[in-house]
Amino acid sequence: MRRLLVPERADRSLKSLARRLRLDLSPLREFRDFRLLLGSGLITMLGTVITTVAVPFQMKQLTESYVAVGLVGMAEFVPMVVCGLWGGAIADARDRRTIVTLSELGLCLSSVLLLVNALLPRPQVWVCTSQGRWPAGSAAYAGQASRR
């Protein structure tokens, strides 16, 4: 016959499980550079994801065409693949800090241009198609350079 867990025994096993699954956050408390690196990486990732979603959405709002949205998606995909492939080779040949810095500046500049375009009374479609490619390519370069 099986024994039922008494409440205090179940409570101890839950506490033990919680203790084993708890994340170690001591590096975040102890190392300022690690906090800055993690924070900047999270901000960059969030901005890249928002841009990747916002550009096709704005294209759909401007053109009412799913074909145009698909073309923008393809225009974002091609630089991501090409820059991802070449990014590793460039990261091996050049200074990684410079590559990451330039990539982050490219992401920032393209986001500002997309924001200015979105705030115009009549946003231009060509800005979405031309500037929508840069975040994917810049993120691929920065990702390859930071992984090496």
# chains A, B, ... in the order shown; residues from 1 in each chain; ligands from 1
call {"tool": "residues_around", "arguments": {"residues": "Asn117 of chain A", "least_positions_apart": "6", "cutoff": "8 Å", "atoms": "only C-alpha atoms", "output": "number ranges by chain"}}
result
A: 123-124, 127
call {"tool": "closest_residue", "arguments": {"among": "A:Ser26, A:Arg20, A:Leu102, A:Cys128", "to": "Leu71 of chain A", "atoms": "only C-alpha atoms"}}
result
A:Cys128
call {"tool": "residues_around", "arguments": {"residues": "Ser130 of chain A", "least_positions_apart": "3", "cutoff": "10 Å", "atoms": "only C-alpha atoms", "output": "compact mmCIF listing (two decimals) with C-alpha atoms, in the first residue's frame"}}
result
# COMPACT_ATOMS: atom_id res chain seq x y z
CA VAL A 72 9.72 42.88 -47.14
CA ALA A 75 14.28 41.54 -48.06
CA GLU A 76 14.92 41.05 -44.32
CA SER A 110 17.99 52.35 -39.02
CA LEU A 114 12.15 54.01 -39.44
CA VAL A 125 7.01 52.64 -48.56
CA TRP A 126 10.53 52.75 -49.98
CA VAL A 127 11.92 53.66 -46.55
CA ARG A 133 16.91 45.17 -44.25
CA TRP A 134 19.55 46.83 -42.10
call {"tool": "closest_residue", "arguments": {"among": "A:Leu107, A:Thr52, A:Lys15, A:Leu25", "to": "Met74 of chain A", "atoms": "only C-alpha atoms"}}
result
A:Thr52
call {"tool": "closest_residue", "arguments": {"among": "A:Ala93, A:Arg122, A:Pro135, A:Arg22", "to": "Thr63 of chain A", "atoms": "only C-alpha atoms"}}
result
A:Arg122
call {"tool": "atom_distance", "arguments": {"atom1": "atom CA of Val69 of chain A", "atom2": "atom CA of Pro56 of chain A"}}
result
5.3 Å
call {"tool": "closest_residue", "arguments": {"among": "A:Asp95, A:Thr44, A:Met80, A:Leu62", "to": "Cys108 of chain A", "atoms": "only C-alpha atoms"}}
result
A:Thr44
call {"tool": "closest_residue", "arguments": {"among": "A:Thr98, A:Ser13, A:Ser40, A:Thr51", "to": "Gln131 of chain A", "atoms": "only C-alpha atoms"}}
result
A:Thr51
call {"tool": "decode", "arguments": {"residues": "segment 12-134 of chain A", "atoms": "C-alpha atoms", "output": "compact mmCIF listing (two decimals), in the first residue's frame"}}
result
# COMPACT_ATOMS: atom_id res chain seq x y z
CA ARG A 12 9.91 19.96 2.49
CA SER A 13 10.09 18.32 -0.94
CA LEU A 14 8.69 21.45 -2.63
CA LYS A 15 11.22 23.64 -0.82
CA SER A 16 14.00 21.28 -1.86
CA LEU A 17 12.82 21.38 -5.47
CA ALA A 18 12.58 25.18 -5.42
CA ARG A 19 16.08 25.43 -3.94
CA ARG A 20 17.51 23.24 -6.72
CA LEU A 21 15.75 25.17 -9.51
CA ARG A 22 16.62 28.64 -8.20
CA LEU A 23 18.78 30.76 -10.50
CA ASP A 24 22.13 31.97 -9.27
CA LEU A 25 21.95 35.75 -9.62
CA SER A 26 25.17 36.49 -7.77
CA PRO A 27 27.10 37.39 -10.97
CA LEU A 28 24.54 40.14 -11.64
CA ARG A 29 25.07 41.55 -8.17
CA GLU A 30 28.85 41.25 -8.17
CA PHE A 31 30.01 42.19 -11.66
CA ARG A 32 29.05 45.57 -13.12
CA ASP A 33 30.41 44.75 -16.58
CA PHE A 34 28.30 41.59 -16.73
CA ARG A 35 25.18 43.60 -15.83
CA LEU A 36 25.96 46.11 -18.57
CA LEU A 37 26.62 43.36 -21.12
CA LEU A 38 23.45 41.47 -20.26
CA GLY A 39 21.33 44.63 -20.20
CA SER A 40 22.61 45.92 -23.53
CA GLY A 41 22.13 42.50 -25.11
CA LEU A 42 18.54 42.35 -23.91
CA ILE A 43 17.80 45.87 -25.19
CA THR A 44 19.36 45.07 -28.58
CA MET A 45 17.46 41.80 -28.90
CA LEU A 46 14.17 43.44 -27.95
CA GLY A 47 14.70 46.29 -30.41
CA THR A 48 15.63 43.92 -33.22
CA VAL A 49 12.56 41.77 -32.63
CA ILE A 50 10.27 44.80 -32.48
CA THR A 51 11.74 46.16 -35.72
CA THR A 52 11.45 42.77 -37.42
CA VAL A 53 7.74 42.71 -36.59
CA ALA A 54 6.98 46.42 -37.01
CA VAL A 55 8.32 46.83 -40.55
CA PRO A 56 6.06 44.18 -42.15
CA PHE A 57 3.14 45.45 -40.07
CA GLN A 58 3.70 49.01 -41.27
CA MET A 59 4.05 47.76 -44.84
CA LYS A 60 0.67 46.02 -44.55
CA GLN A 61 -0.88 49.21 -43.18
CA LEU A 62 0.58 51.32 -45.98
CA THR A 63 -0.02 49.06 -48.97
CA GLU A 64 -2.82 46.68 -47.94
CA SER A 65 -0.88 44.06 -49.91
CA TYR A 66 0.26 40.72 -48.57
CA VAL A 67 2.66 40.41 -51.50
CA ALA A 68 4.45 43.58 -50.35
CA VAL A 69 4.66 42.15 -46.82
CA GLY A 70 6.17 38.94 -48.22
CA LEU A 71 8.71 40.91 -50.24
CA VAL A 72 9.72 42.88 -47.14
CA GLY A 73 10.11 39.60 -45.27
CA MET A 74 12.32 38.28 -48.04
CA ALA A 75 14.28 41.54 -48.06
CA GLU A 76 14.92 41.05 -44.32
CA PHE A 77 15.83 37.38 -44.73
CA VAL A 78 18.50 37.78 -47.41
CA PRO A 79 20.77 40.16 -45.43
CA MET A 80 20.31 38.01 -42.34
CA VAL A 81 21.66 34.95 -44.16
CA VAL A 82 24.41 36.77 -46.08
CA CYS A 83 25.60 38.80 -43.09
CA GLY A 84 25.39 35.75 -40.86
CA LEU A 85 27.65 33.79 -43.18
CA TRP A 86 30.16 36.59 -43.74
CA GLY A 87 29.93 37.86 -40.18
CA GLY A 88 31.93 34.95 -38.78
CA ALA A 89 34.75 35.43 -41.28
CA ILE A 90 34.84 39.18 -40.70
CA ALA A 91 34.78 38.65 -36.92
CA ASP A 92 37.84 36.43 -37.21
CA ALA A 93 39.74 38.95 -39.32
CA ARG A 94 38.80 42.20 -37.55
CA ASP A 95 38.44 43.56 -34.04
CA ARG A 96 35.19 42.20 -32.59
CA ARG A 97 34.48 45.24 -30.44
CA THR A 98 34.58 47.46 -33.50
CA ILE A 99 32.26 45.14 -35.41
CA VAL A 100 29.75 45.00 -32.55
CA THR A 101 29.90 48.77 -32.05
CA LEU A 102 29.37 49.51 -35.74
CA SER A 103 26.57 46.96 -35.93
CA GLU A 104 24.84 48.50 -32.93
CA LEU A 105 25.20 51.96 -34.46
CA GLY A 106 23.69 50.63 -37.70
CA LEU A 107 20.77 49.17 -35.75
CA CYS A 108 20.24 52.46 -33.94
CA LEU A 109 20.43 54.55 -37.11
CA SER A 110 17.99 52.35 -39.02
CA SER A 111 15.57 52.38 -36.08
CA VAL A 112 15.70 56.18 -35.94
CA LEU A 113 15.08 56.43 -39.69
CA LEU A 114 12.15 54.01 -39.44
CA LEU A 115 10.73 56.01 -36.52
CA VAL A 116 11.02 59.29 -38.43
CA ASN A 117 9.31 57.69 -41.41
CA ALA A 118 6.51 56.31 -39.22
CA LEU A 119 5.90 59.75 -37.70
CA LEU A 120 5.56 61.47 -41.08
CA PRO A 121 2.02 62.41 -42.15
CA ARG A 122 2.45 60.15 -45.21
CA PRO A 123 5.06 57.44 -44.48
CA GLN A 124 7.02 56.28 -47.50
CA VAL A 125 7.01 52.64 -48.56
CA TRP A 126 10.53 52.75 -49.98
CA VAL A 127 11.92 53.66 -46.55
CA CYS A 128 10.36 50.52 -45.08
CA THR A 129 11.80 48.34 -47.80
CA SER A 130 15.27 49.90 -47.75
CA GLN A 131 15.70 50.38 -43.99
CA GLY A 132 13.94 47.18 -43.00
CA ARG A 133 16.91 45.17 -44.25
CA TRP A 134 19.55 46.83 -42.10
